[in-house]
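Visitor: My questions will all concern the structure given below.
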Amino acid sequence: MNEEPVKAETNRRPDGTFGPNNTANPAGRPKGQSLKEFWKQRLSLMSEEEKKEFTKQVTKEVIWKMAEGQPRQPLVGEDSEGNPVPLFNYVRNNLGDAQNQESPKTD
């Protein structure tokens with residue numbers, strides 16, 4: 001197998017992945033259930049009445065997120081649908097037009 005070269009100082013390959021013998025997380029993921037797995041199992045074992053009682057304690061937004069998942073969060077430079085926004089428009093809309101801003105007056 002032909003491995004990519006690894007930078008000795010960072011133990012990373014050119015593509016950013018870790019090289020062999022990396023000790024960034026030597027123990028790996030902790031054993032046992034994740035919090036997500038715990039609640040998924042707990043909710044699946046509840047009766048219909050228990051589920052209704054549980055949902056009275058949380059907001060409608062939380063219930064929606066539990067059913068549908070977290071809404072997509074746009075990245076910097078994207079509109080709400082994930083389409084790229086030209087950098088100039090992004091800077092102008094979010095940081096203002098530097099030419100039209102007054103500079104602070106100093107005495």
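Ordered as shown in the structure tokens, chains take letters A, B, and onward, while each chain numbers its residues from 1 and ligands are numbered from 1 in the order shown.
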Using only C-alpha atoms, find each residue of region 12-52 of chain A with at least one atom at most 12 Å away from an atom of region 60-81 of chain A; report its shortest atom-to-atom pair and that distance in Å (one decimal), sort the rows by chain and rising residue number, and return the result as CSV.
Guide:
residue,atom,partner,partner_atom,distance
A:Lys36,CA,A:Met66,CA,10.8
A:Trp39,CA,A:Met66,CA,10.6
A:Lys40,CA,A:Met66,CA,9.7
A:Leu43,CA,A:Met66,CA,10.7
A:Lys51,CA,A:Ile63,CA,11.0
A:Lys52,CA,A:Ile63,CA,11.0
Visitor: Which value, in Å to one decimal, gives the distance between CA of Thr55 (chain A) and CA of Glu37 (chain A)?
Guide: 18.5 Å
Visitor: Return as a list of chain:residue names the full set of residues in region 51-81 of chain A whose backbone-based DSSP assignment is helix (DSSP H, G or I).
Guide: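 Put together, the selection reads A:Lys51, A:Lys52, A:Glu53, A:Phe54, A:Thr55, A:Lys60, A:Glu61, A:Val62, A:Ile63, A:Trp64, A:Lys65, A:Met66, A:Ala67, A:Glu68.
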